[in-house]
>>> print(open('target-v9.txt').read())   # compact mmCIF, C-alpha atoms and all ligand atoms
# COMPACT_ATOMS: atom_id res chain seq x y z
CA MET A 1 7.78 19.88 -35.31
CA ILE A 2 9.71 18.94 -32.20
CA LEU A 3 9.04 15.75 -30.22
CA GLY A 4 10.41 15.94 -26.66
CA ILE A 5 11.22 12.75 -24.76
CA LEU A 6 11.36 13.33 -21.01
CA LYS A 7 13.56 11.51 -18.50
CA GLU A 8 11.47 9.52 -16.02
CA GLN A 9 11.81 10.53 -12.39
CA ASN A 10 11.06 7.14 -10.80
CA PHE A 11 11.30 4.63 -13.64
CA ASN A 12 14.18 2.92 -15.42
CA ARG A 13 12.35 3.04 -18.74
CA VAL A 14 12.29 5.74 -21.40
CA SER A 15 9.24 6.40 -23.58
CA VAL A 16 10.93 6.58 -27.01
CA THR A 17 14.14 4.71 -27.91
CA PRO A 18 16.76 5.18 -30.67
CA PRO A 19 15.41 2.37 -32.93
CA ALA A 20 12.45 4.72 -33.60
CA THR A 21 14.68 7.31 -35.27
CA LYS A 22 13.86 6.51 -38.91
CA LYS A 23 10.10 6.46 -38.29
CA LEU A 24 10.28 9.82 -36.50
CA GLU A 25 12.18 11.27 -39.46
CA ALA A 26 9.64 9.85 -41.90
CA MET A 27 6.88 11.63 -39.96
CA GLY A 28 8.82 14.90 -40.23
CA LEU A 29 9.51 15.07 -36.49
CA THR A 30 12.74 16.37 -34.97
CA ALA A 31 13.23 14.61 -31.66
CA VAL A 32 15.04 15.86 -28.56
CA ILE A 33 15.59 14.03 -25.27
CA GLU A 34 16.09 15.31 -21.76
CA PHE A 35 19.72 14.76 -20.67
CA GLY A 36 20.21 11.13 -19.60
CA ALA A 37 16.63 10.10 -20.50
CA GLY A 38 17.58 6.65 -21.79
CA GLU A 39 20.54 5.95 -19.53
CA LYS A 40 18.83 3.40 -17.25
CA ALA A 41 17.27 1.58 -20.21
CA GLY A 42 20.66 1.02 -21.85
CA TYR A 43 20.42 4.02 -24.20
CA PRO A 44 22.96 6.70 -23.27
CA ASP A 45 22.69 10.16 -24.88
CA GLN A 46 25.27 9.14 -27.52
CA SER A 47 22.99 6.40 -28.83
CA TYR A 48 20.33 9.04 -29.54
CA ALA A 49 22.93 11.43 -30.98
CA ALA A 50 23.79 8.79 -33.60
CA GLY A 51 20.26 9.33 -34.96
CA ASN A 52 20.57 13.15 -34.73
CA ILE A 53 18.50 13.30 -31.55
CA SER A 54 20.11 15.80 -29.22
CA ALA A 55 19.91 16.05 -25.44
CA ILE A 56 18.66 19.26 -23.80
CA SER A 57 17.56 20.35 -20.32
CA ARG A 58 14.11 19.44 -18.95
CA ALA A 59 13.10 23.10 -18.71
CA ASP A 60 14.02 23.78 -22.37
CA LEU A 61 12.28 20.63 -23.55
CA LEU A 62 8.99 21.50 -21.80
CA LYS A 63 9.12 24.98 -23.32
CA GLU A 64 10.11 24.09 -26.87
CA ALA A 65 8.52 20.77 -27.82
CA ASP A 66 5.29 20.54 -29.83
CA ILE A 67 4.75 16.97 -28.61
CA VAL A 68 6.00 15.88 -25.16
CA VAL A 69 6.05 12.24 -24.07
CA SER A 70 6.62 10.74 -20.63
CA ILE A 71 5.61 7.50 -18.90
CA GLU A 72 4.87 9.03 -15.49
CA PRO A 73 2.60 12.07 -15.64
CA ILE A 74 4.40 15.38 -15.11
CA SER A 75 3.41 17.72 -12.27
CA GLU A 76 0.86 20.52 -12.70
CA GLN A 77 3.70 22.99 -12.33
CA GLU A 78 5.35 21.43 -15.38
CA MET A 79 2.06 21.21 -17.29
CA ALA A 80 1.93 24.98 -16.99
CA GLN A 81 5.27 25.25 -18.78
CA LEU A 82 4.16 23.34 -21.88
CA LYS A 83 3.77 25.24 -25.12
CA LYS A 84 0.24 26.43 -25.94
CA ASP A 85 -1.58 23.97 -28.25
CA SER A 86 1.11 21.34 -27.80
CA LEU A 87 0.31 17.64 -27.39
CA TYR A 88 1.22 15.91 -24.15
CA ILE A 89 1.22 12.06 -24.12
CA SER A 90 1.47 9.97 -20.95
CA LEU A 91 -0.34 7.39 -18.82
CA LEU A 92 -2.70 9.33 -16.56
CA ALA A 93 -5.12 6.53 -15.53
CA PRO A 94 -8.26 8.71 -15.34
CA TYR A 95 -10.30 5.53 -14.70
CA GLN A 96 -8.60 5.38 -11.29
CA ASP A 97 -8.96 9.07 -10.46
CA ALA A 98 -11.34 11.11 -12.62
CA GLU A 99 -10.06 14.31 -10.95
CA VAL A 100 -6.96 14.11 -13.16
CA ILE A 101 -9.09 15.24 -16.12
CA ASN A 102 -10.08 18.47 -14.32
CA LYS A 103 -6.46 19.09 -13.40
CA VAL A 104 -5.09 18.85 -16.95
CA ALA A 105 -8.06 20.73 -18.42
CA LYS A 106 -6.74 23.93 -16.82
CA TYR A 107 -3.90 24.11 -19.35
CA PRO A 108 -4.12 25.03 -23.07
CA VAL A 109 -2.63 21.70 -24.09
CA ASN A 110 -4.03 18.58 -25.79
CA VAL A 111 -3.60 15.63 -23.45
CA VAL A 112 -3.55 11.98 -24.52
CA SER A 113 -3.68 9.20 -21.94
CA MET A 114 -2.44 6.04 -23.65
CA ASP A 115 -4.19 3.81 -21.10
CA MET A 116 -7.55 4.98 -22.53
CA ILE A 117 -6.92 3.42 -25.93
CA PRO A 118 -9.65 0.82 -26.60
CA ARG A 119 -8.72 -2.87 -26.33
CA THR A 120 -9.55 -3.51 -29.99
CA THR A 121 -7.68 -5.29 -32.77
CA LEU A 122 -7.13 -1.98 -34.57
CA ALA A 123 -5.54 -0.37 -31.50
CA GLN A 124 -3.46 -3.39 -30.48
CA SER A 125 -0.18 -1.98 -31.82
CA MET A 126 -0.59 1.08 -29.52
CA ASP A 127 -1.75 -0.82 -26.44
CA ILE A 128 0.83 0.07 -23.80
CA LEU A 129 -1.14 -1.62 -21.00
CA SER A 130 -0.86 -4.91 -22.87
CA SER A 131 2.82 -4.61 -23.73
CA MET A 132 3.76 -3.73 -20.15
CA ALA A 133 1.44 -6.35 -18.62
CA SER A 134 2.87 -9.05 -20.82
CA LEU A 135 6.43 -8.28 -19.70
CA ALA A 136 5.31 -8.03 -16.07
CA GLY A 137 3.68 -11.47 -16.24
CA TYR A 138 6.92 -12.98 -17.49
CA LYS A 139 9.05 -11.16 -14.93
CA ALA A 140 6.68 -12.09 -12.08
CA VAL A 141 7.47 -15.77 -12.58
CA LEU A 142 11.22 -15.12 -12.63
CA LYS A 143 10.86 -12.95 -9.53
CA ALA A 144 8.99 -15.77 -7.80
CA SER A 145 11.66 -18.28 -8.75
CA ASP A 146 14.31 -15.95 -7.27
CA HIS A 147 12.58 -15.98 -3.89
CA TYR A 148 11.65 -19.67 -4.02
CA ASN A 149 14.11 -22.02 -2.38
CA ASN A 150 13.18 -24.92 -4.65
CA MET A 151 12.94 -25.20 -8.43
CA PHE A 152 10.23 -25.28 -11.09
CA PRO A 153 10.77 -28.37 -13.26
CA MET A 154 10.52 -31.98 -12.25
CA MET A 155 13.98 -33.51 -12.35
CA MET A 156 15.22 -37.03 -11.85
CA THR A 157 18.70 -37.15 -10.42
CA ALA A 158 20.80 -39.95 -8.94
CA ALA A 159 20.28 -38.27 -5.57
CA GLY A 160 16.50 -38.34 -5.85
CA THR A 161 13.52 -37.06 -7.81
CA ILE A 162 12.58 -33.40 -7.57
CA ALA A 163 8.84 -32.68 -7.74
CA PRO A 164 7.68 -29.88 -10.06
CA ALA A 165 6.57 -26.57 -8.54
CA ARG A 166 2.82 -25.95 -8.26
CA VAL A 167 1.91 -22.47 -9.43
CA MET A 168 -1.46 -20.79 -8.99
CA ILE A 169 -2.30 -17.81 -11.19
CA LEU A 170 -5.09 -15.44 -10.19
CA GLY A 171 -6.41 -13.58 -13.25
CA ALA A 172 -5.80 -14.72 -16.83
CA GLY A 173 -5.63 -11.32 -18.53
CA VAL A 174 -2.55 -10.23 -20.46
CA ALA A 175 -0.14 -10.55 -17.49
CA GLY A 176 -1.69 -13.77 -16.22
CA LEU A 177 -1.50 -15.50 -19.61
CA GLN A 178 2.17 -14.60 -19.98
CA ALA A 179 2.82 -15.83 -16.43
CA ILE A 180 1.11 -19.13 -17.30
CA ALA A 181 3.23 -19.53 -20.44
CA THR A 182 6.44 -18.74 -18.54
CA ALA A 183 5.68 -21.05 -15.60
CA ARG A 184 4.73 -23.85 -18.00
CA LYS A 185 7.95 -23.39 -19.99
CA LEU A 186 9.85 -23.78 -16.73
CA GLY A 187 8.02 -27.05 -16.09
CA ALA A 188 5.57 -26.07 -13.34
CA ILE A 189 2.07 -27.48 -12.82
CA VAL A 190 -0.24 -24.48 -13.24
CA GLU A 191 -3.78 -23.82 -11.98
CA VAL A 192 -5.65 -20.67 -12.94
CA PHE A 193 -8.64 -18.62 -11.74
CA ASP A 194 -10.51 -16.01 -13.77
CA THR A 195 -14.07 -14.72 -13.77
CA ARG A 196 -14.30 -14.17 -17.53
CA ALA A 197 -15.69 -17.15 -19.43
CA ALA A 198 -13.46 -16.30 -22.42
CA ALA A 199 -10.34 -16.96 -20.34
CA LYS A 200 -11.04 -20.69 -19.99
CA GLU A 201 -10.01 -21.77 -23.49
CA GLU A 202 -6.94 -19.52 -23.48
CA VAL A 203 -5.78 -21.03 -20.18
CA LYS A 204 -6.33 -24.58 -21.40
CA SER A 205 -4.48 -23.90 -24.66
CA LEU A 206 -1.40 -22.98 -22.59
CA GLY A 207 -1.45 -26.35 -20.83
CA ALA A 208 -2.79 -25.10 -17.50
CA THR A 209 -5.89 -26.12 -15.52
CA PHE A 210 -8.76 -23.63 -15.32
CA VAL A 211 -10.46 -23.66 -11.92
CA GLU A 212 -14.08 -22.72 -12.39
CA VAL A 213 -16.14 -20.88 -9.79
CA GLU A 214 -19.78 -21.05 -10.88
CA GLY A 215 -21.98 -17.96 -11.13
CA ALA A 216 -19.61 -15.15 -12.17
CA SER A 217 -21.29 -11.86 -13.20
CA ASP A 218 -21.47 -11.29 -16.93
CA ASP A 219 -18.67 -9.17 -18.39
CA LYS A 220 -20.23 -8.67 -21.83
CA GLY A 221 -20.24 -4.97 -22.69
CA ALA A 222 -17.30 -4.19 -20.38
CA GLY A 223 -14.91 -3.78 -23.33
CA GLY A 224 -13.05 -7.02 -22.54
CA TYR A 225 -12.53 -6.06 -18.90
CA ALA A 226 -13.84 -8.01 -15.92
CA VAL A 227 -16.74 -6.67 -13.88
CA GLN A 228 -17.01 -6.58 -10.11
CA GLN A 229 -18.32 -9.80 -8.55
CA SER A 230 -20.80 -10.14 -5.68
CA GLU A 231 -19.48 -10.70 -2.15
CA GLU A 232 -21.20 -14.10 -2.18
CA TYR A 233 -19.25 -15.11 -5.33
CA LEU A 234 -15.98 -13.79 -3.91
CA ASN A 235 -16.49 -15.77 -0.68
CA ARG A 236 -16.94 -18.98 -2.63
CA GLN A 237 -13.94 -18.10 -4.78
CA ARG A 238 -11.74 -17.34 -1.73
CA ALA A 239 -12.63 -20.74 -0.24
CA LEU A 240 -11.55 -22.51 -3.45
CA VAL A 241 -8.42 -20.33 -3.74
CA GLN A 242 -7.55 -21.38 -0.17
CA GLU A 243 -8.03 -25.06 -0.94
CA LYS A 244 -5.69 -24.79 -3.95
CA ALA A 245 -3.24 -22.39 -2.26
CA LEU A 246 -2.44 -24.86 0.49
CA LYS A 247 -1.04 -27.23 -2.15
CA SER A 248 0.71 -24.47 -4.14
CA ASN A 249 4.29 -23.25 -3.90
CA ILE A 250 3.88 -20.05 -5.89
CA ILE A 251 0.98 -17.64 -6.45
CA ILE A 252 1.10 -15.00 -9.18
CA ALA A 253 -1.76 -12.59 -8.49
CA THR A 254 -2.92 -10.39 -11.38
CA ALA A 255 -6.71 -10.09 -10.84
CA GLN A 256 -8.02 -6.58 -11.44
CA VAL A 257 -11.30 -4.84 -12.17
CA ARG A 258 -10.63 -1.61 -14.07
CA GLY A 259 -11.36 1.52 -12.05
CA ARG A 260 -11.94 -0.41 -8.80
CA LYS A 261 -9.97 -1.81 -5.90
CA ALA A 262 -8.48 -5.21 -6.78
CA PRO A 263 -10.49 -8.17 -5.42
CA LEU A 264 -9.10 -9.72 -2.25
CA LEU A 265 -8.65 -13.39 -3.14
CA VAL A 266 -5.95 -14.66 -0.76
CA ASN A 267 -7.01 -13.90 2.80
CA GLU A 268 -5.00 -13.91 6.03
CA ASP A 269 -6.15 -17.40 6.97
CA THR A 270 -4.95 -18.75 3.61
CA ILE A 271 -1.49 -17.26 4.07
CA ASN A 272 -1.28 -18.45 7.66
CA ASN A 273 -1.89 -21.99 6.42
CA MET A 274 0.31 -21.98 3.29
CA LYS A 275 3.53 -23.98 3.18
CA PRO A 276 6.49 -21.99 4.56
CA GLY A 277 8.83 -21.14 1.69
CA SER A 278 5.91 -20.37 -0.64
CA VAL A 279 6.07 -17.17 -2.67
CA ILE A 280 3.33 -14.75 -3.75
CA VAL A 281 4.00 -12.09 -6.39
CA ASP A 282 1.13 -9.60 -6.34
CA LEU A 283 0.94 -7.55 -9.53
CA ALA A 284 -2.33 -5.98 -8.35
CA ALA A 285 -0.46 -4.28 -5.46
CA SER A 286 -1.00 -0.70 -6.70
CA THR A 287 -4.79 -1.11 -6.58
CA GLY A 288 -4.84 -2.77 -3.16
CA GLY A 289 -3.55 -6.24 -4.06
CA ASN A 290 -5.20 -9.66 -4.30
CA CYS A 291 -3.52 -10.78 -1.13
CA ALA A 292 -4.30 -9.76 2.49
CA PHE A 293 -0.79 -8.71 3.50
CA THR A 294 0.42 -7.16 0.22
CA GLU A 295 2.29 -3.87 0.58
CA ASP A 296 2.86 -1.97 -2.65
CA ASN A 297 6.53 -1.74 -3.66
CA LYS A 298 7.59 -3.90 -0.72
CA THR A 299 8.65 -7.51 -0.21
CA ILE A 300 7.58 -8.92 3.15
CA ILE A 301 7.55 -12.34 4.81
CA ARG A 302 4.47 -13.63 6.71
CA ASN A 303 4.33 -17.10 8.24
CA GLY A 304 7.37 -18.00 6.09
CA VAL A 305 5.54 -16.90 2.92
CA THR A 306 7.32 -14.25 0.85
CA ILE A 307 4.90 -11.65 -0.54
CA VAL A 308 6.21 -9.37 -3.29
CA GLY A 309 3.96 -6.35 -3.95
CA ASN A 310 4.90 -4.88 -7.32
CA SER A 311 2.66 -3.57 -10.11
CA ASN A 312 5.54 -2.22 -12.09
CA LEU A 313 7.65 -5.26 -12.91
CA ALA A 314 8.11 -4.31 -16.58
CA ASP A 315 10.40 -1.58 -15.28
CA ASP A 316 12.80 -4.30 -14.08
CA ILE A 317 13.42 -5.21 -17.72
CA SER A 318 13.78 -1.63 -18.84
CA GLY A 319 15.51 -2.23 -22.19
CA VAL A 320 12.80 -4.36 -23.78
CA ALA A 321 10.03 -2.50 -21.93
CA SER A 322 11.27 0.83 -23.33
CA ASN A 323 11.44 -0.56 -26.86
CA LEU A 324 7.86 -1.88 -26.71
CA PHE A 325 6.63 1.35 -25.11
CA SER A 326 8.39 3.29 -27.87
CA ASN A 327 6.81 1.15 -30.61
CA ASN A 328 3.36 1.77 -29.08
CA ILE A 329 4.00 5.54 -29.00
CA ILE A 330 5.30 5.63 -32.59
CA ASN A 331 2.26 3.65 -33.80
CA PHE A 332 0.01 6.19 -32.10
CA LEU A 333 1.94 9.15 -33.52
CA GLN A 334 1.50 7.66 -36.98
CA ILE A 335 -2.27 8.19 -36.71
CA VAL A 336 -2.06 11.73 -35.34
CA VAL A 337 0.89 13.29 -37.19
CA LYS A 338 -0.20 14.20 -40.70
CA GLU A 339 2.06 16.09 -43.11
CA GLY A 340 4.30 17.23 -40.30
CA SER A 341 1.61 18.55 -37.97
CA VAL A 342 -0.70 17.14 -35.29
CA LYS A 343 -4.29 16.42 -36.40
CA LEU A 344 -6.48 15.10 -33.61
CA ASP A 345 -9.35 13.68 -35.63
CA GLU A 346 -12.03 12.71 -33.14
CA GLY A 347 -13.82 10.77 -35.85
CA ASN A 348 -11.12 8.18 -35.16
CA GLU A 349 -12.28 5.99 -32.23
CA ILE A 350 -8.73 5.51 -30.91
CA ILE A 351 -7.98 9.25 -30.82
CA LYS A 352 -11.40 10.05 -29.38
CA SER A 353 -10.93 7.57 -26.51
CA ALA A 354 -7.38 8.60 -25.66
CA LEU A 355 -7.76 12.40 -25.91
CA ILE A 356 -8.76 13.28 -22.33
CA SER A 357 -8.37 17.05 -22.63
CA LYS A 358 -8.33 19.55 -25.49
CA ALA A 359 -6.29 22.72 -25.81
CA ASN A 360 -9.35 24.96 -26.16
P1 LIG A 401 -6.89 -6.62 -16.08
O1 LIG A 401 -5.48 -6.27 -15.77
O2 LIG A 401 -7.95 -5.58 -15.95
O3 LIG A 401 -7.32 -7.86 -15.13
C1 LIG A 401 -6.54 -9.04 -15.11
C2 LIG A 401 -7.44 -10.26 -15.07
O4 LIG A 401 -8.06 -10.37 -13.79
C3 LIG A 401 -8.59 -10.25 -16.10
O5 LIG A 401 -8.46 -11.36 -16.94
C4 LIG A 401 -9.84 -10.30 -15.22
O6 LIG A 401 -10.88 -11.04 -15.84
C5 LIG A 401 -9.30 -11.01 -13.99
N1 LIG A 401 -10.14 -10.91 -12.79
C6 LIG A 401 -10.89 -9.89 -12.33
N2 LIG A 401 -11.52 -10.23 -11.18
C7 LIG A 401 -11.14 -11.51 -10.90
C8 LIG A 401 -11.44 -12.42 -9.86
N3 LIG A 401 -12.27 -12.12 -8.88
N4 LIG A 401 -10.86 -13.62 -9.91
C9 LIG A 401 -10.04 -13.99 -10.91
N5 LIG A 401 -9.70 -13.17 -11.92
C10 LIG A 401 -10.26 -11.95 -11.92
O7 LIG A 401 -7.03 -7.29 -17.50
P2 LIG A 401 -6.14 -7.10 -18.80
O8 LIG A 401 -4.97 -7.97 -18.77
O9 LIG A 401 -5.92 -5.66 -19.00
O10 LIG A 401 -7.11 -7.68 -19.91
C11 LIG A 401 -8.47 -7.28 -19.93
C12 LIG A 401 -9.16 -7.89 -21.11
O11 LIG A 401 -8.83 -7.19 -22.28
C13 LIG A 401 -8.86 -9.33 -21.38
O12 LIG A 401 -10.04 -9.92 -21.83
C14 LIG A 401 -7.90 -9.29 -22.51
O13 LIG A 401 -7.87 -10.48 -23.27
C15 LIG A 401 -8.49 -8.14 -23.27
N6 LIG A 401 -7.53 -7.51 -24.16
C16 LIG A 401 -7.87 -7.36 -25.48
C17 LIG A 401 -6.99 -6.76 -26.34
C18 LIG A 401 -7.33 -6.58 -27.78
O14 LIG A 401 -8.28 -7.13 -28.26
N7 LIG A 401 -6.56 -5.77 -28.49
C19 LIG A 401 -5.78 -6.27 -25.88
C20 LIG A 401 -5.48 -6.43 -24.53
C21 LIG A 401 -6.37 -7.05 -23.68
>>> encode(input="target-v9.txt", output="structure tokens")
Amino acid sequence: MILGILKEQNFNRVSVTPPATKKLEAMGLTAVIEFGAGEKAGYPDQSYAAGNISAISRADLLKEADIVVSIEPISEQEMAQLKKDSLYISLLAPYQDAEVINKVAKYPVNVVSMDMIPRTTLAQSMDILSSMASLAGYKAVLKASDHYNNMFPMMMTAAGTIAPARVMILGAGVAGLQAIATARKLGAIVEVFDTRAAAKEEVKSLGATFVEVEGASDDKGAGGYAVQQSEEYLNRQRALVQEKALKSNIIIATAQVRGRKAPLLVNEDTINNMKPGSVIVDLAASTGGNCAFTEDNKTIIRNGVTIVGNSNLADDISGVASNLFSNNIINFLQIVVKEGSVKLDEGNEIIKSALISKAN
């Protein structure tokens, strides 16, 4: 069976990297890559060739592969070129746009959306959302420090004492927790907001302060995700965010509610009153952002505050991000490739959740 690894059109990452070679062989898969697929992640075609993975054209790969993997979804035109009964694996985010399921259902292909894998202990090793969010949380802090004209740690020098940076983190999910850990390691004072009660202990264990807003809606039964809060709650939260933001130097915004627009937590008035030189990195930019002025994939300056809108920061560290992505894909393949062929057993909760369209 042939596994085809596509080159990404807009990303630096690649979905499967050369360290996976031995595991692919053990599963009885022969892998091929699209020419130059790993180039921007530090894996030129030769590094795949060393593991007997050859490079072919995109058109040939779509036609010949039994399993095709890409990070960005391919176009409908390309879906139509896939082999009948093949397996296509990508991140299609049907929770953001359910129409995507109808689109892919037109083709005689099995489609797996890796972002539909349940957030359970068993599925953790295949959880691409978590691996990418974790890297993005780390990178968000470094990005903020790049734009910040002061530094993070407290330092005593002969020329004077430098105060530590004050960092506010909105949302203590996977990205937020990694941002807390990174900011703390750099010596910042960190305050954190989240609506999920479970986040409190995790935040405290990382040495940050959890800012509680009373009366959050219950998230039990939401599969670990947050639920939407009432406007009344959000108003009280925004007021407290403003109070804390005026004393902060950096805000890392990661608050999201799956399948909905991100909650607006930093309003125009807050930004207009923040200290000039402050920096906001908004990882929720692609779903509308947590901050009033956020523009997705843009860095802007308002009232002297730099606002970075970027939901794709893992792509800035494409080597490690590709390797983690690849590990997640291989771990998934290990549950669906049996004796050299694909078996999509829907009795398996992980496969059932991720399989968004069947070939027949
Ligand atoms: P996410 O990206 O959907 O949201 C990020 C954070 O924003 C969440 O912590 C959410 O509670 C928070 N948030 C939402 N509205 C907010 C508001 N108004 N103010 C402040 N914060 C707000 O979340 P995620 O990182 O994908 O994680 C979702 C959950 O899944 C978490 O509980 C996480 O621990 C859990 N998880 C479990 C596993 C596992 O068990 N294998 C793996 C990954 C994640």
>>> residues_near_ligand(input="target-v9.txt", ligand="ligand LIG 401 (chain A)", cutoff="8 Å", atoms="all atoms listed in the file", output="MDAnalysis selection string")
chainID A and resid 118:124 127 129:130 133 170:176 193:196 198:199 223:229 234 237 254:258 262:265
>>> write_last_selection(input="target-v9.txt", atoms="C-alpha atoms", output="compact mmCIF listing (two decimals), in the frame of the given file")
# COMPACT_ATOMS: atom_id res chain seq x y z
CA PRO A 118 -9.65 0.82 -26.60
CA ARG A 119 -8.72 -2.87 -26.33
CA THR A 120 -9.55 -3.51 -29.99
CA THR A 121 -7.68 -5.29 -32.77
CA LEU A 122 -7.13 -1.98 -34.57
CA ALA A 123 -5.54 -0.37 -31.50
CA GLN A 124 -3.46 -3.39 -30.48
CA ASP A 127 -1.75 -0.82 -26.44
CA LEU A 129 -1.14 -1.62 -21.00
CA SER A 130 -0.86 -4.91 -22.87
CA ALA A 133 1.44 -6.35 -18.62
CA LEU A 170 -5.09 -15.44 -10.19
CA GLY A 171 -6.41 -13.58 -13.25
CA ALA A 172 -5.80 -14.72 -16.83
CA GLY A 173 -5.63 -11.32 -18.53
CA VAL A 174 -2.55 -10.23 -20.46
CA ALA A 175 -0.14 -10.55 -17.49
CA GLY A 176 -1.69 -13.77 -16.22
CA PHE A 193 -8.64 -18.62 -11.74
CA ASP A 194 -10.51 -16.01 -13.77
CA THR A 195 -14.07 -14.72 -13.77
CA ARG A 196 -14.30 -14.17 -17.53
CA ALA A 198 -13.46 -16.30 -22.42
CA ALA A 199 -10.34 -16.96 -20.34
CA GLY A 223 -14.91 -3.78 -23.33
CA GLY A 224 -13.05 -7.02 -22.54
CA TYR A 225 -12.53 -6.06 -18.90
CA ALA A 226 -13.84 -8.01 -15.92
CA VAL A 227 -16.74 -6.67 -13.88
CA GLN A 228 -17.01 -6.58 -10.11
CA GLN A 229 -18.32 -9.80 -8.55
CA LEU A 234 -15.98 -13.79 -3.91
CA GLN A 237 -13.94 -18.10 -4.78
CA THR A 254 -2.92 -10.39 -11.38
CA ALA A 255 -6.71 -10.09 -10.84
CA GLN A 256 -8.02 -6.58 -11.44
CA VAL A 257 -11.30 -4.84 -12.17
CA ARG A 258 -10.63 -1.61 -14.07
CA ALA A 262 -8.48 -5.21 -6.78
CA PRO A 263 -10.49 -8.17 -5.42
CA LEU A 264 -9.10 -9.72 -2.25
CA LEU A 265 -8.65 -13.39 -3.14
>>> closest_residue(input="target-v9.txt", among="A:Val320, A:Ala314, A:Ala105, A:Val266", to="Gln242 (chain A)", atoms="all atoms listed in the file")
A:Val266
>>> closest_residue(input="target-v9.txt", among="A:Ala59, A:Met274, A:Val281, A:Leu91", to="Ile169 (chain A)", atoms="only C-alpha atoms")
A:Val281
>>> axis_aligned_box(input="target-v9.txt", around="region 253-258 of chain A", padding_each_side="3 Å", output="JSON")
{"center_x": -6.5, "center_y": -7.1, "center_z": -11.3, "size_x": 15.5, "size_y": 17.0, "size_z": 11.6}
>>> residues_around(input="target-v9.txt", residues="Ile317 (chain A)", least_positions_apart="3", cutoff="9 Å", atoms="all atoms listed in the file", output="list in words")
Asn12, Arg13, Ala41, Leu135, Ala136, Lys139, Leu313, Ala314, Val320, Ala321 and Ser322 of chain A
>>> closest_residue(input="target-v9.txt", among="A:Lys244, A:Gly215, A:Leu355, A:Ala165", to="Ser230 (chain A)", atoms="all atoms listed in the file")
A:Gly215
>>> closest_residue(input="target-v9.txt", among="A:Val100, A:Met126, A:Val308, A:Ile271", to="Leu324 (chain A)", atoms="all atoms listed in the file")
A:Met126
>>> atom_distance(input="target-v9.txt", atom1="CA of Ala98 (chain A)", atom2="CA of Glu34 (chain A)")
29.2 Å
>>> closest_residue(input="target-v9.txt", among="A:Ile335, A:Ile56, A:Val14, A:Ala144", to="Glu39 (chain A)", atoms="only C-alpha atoms")
A:Val14
>>> residues_near_point(input="target-v9.txt", point="(3.7, 23.9, -31.1)", cutoff="10 Å", atoms="only C-alpha atoms", output="short mmCIF file (atom, residue, chain, number, x, y, z; two decimals) with C-alpha atoms, keeping the file's coordinate frame")
data_model
loop_
_atom_site.label_atom_id
_atom_site.label_comp_id
_atom_site.auth_asym_id
_atom_site.auth_seq_id
_atom_site.Cartn_x
_atom_site.Cartn_y
_atom_site.Cartn_z
CA MET A 1 7.78 19.88 -35.31
CA ILE A 2 9.71 18.94 -32.20
CA LEU A 3 9.04 15.75 -30.22
CA LYS A 63 9.12 24.98 -23.32
CA GLU A 64 10.11 24.09 -26.87
CA ALA A 65 8.52 20.77 -27.82
CA ASP A 66 5.29 20.54 -29.83
CA ILE A 67 4.75 16.97 -28.61
CA LEU A 82 4.16 23.34 -21.88
CA LYS A 83 3.77 25.24 -25.12
CA LYS A 84 0.24 26.43 -25.94
CA ASP A 85 -1.58 23.97 -28.25
CA SER A 86 1.11 21.34 -27.80
CA LEU A 87 0.31 17.64 -27.39
CA VAL A 109 -2.63 21.70 -24.09
CA SER A 341 1.61 18.55 -37.97
CA VAL A 342 -0.70 17.14 -35.29
#
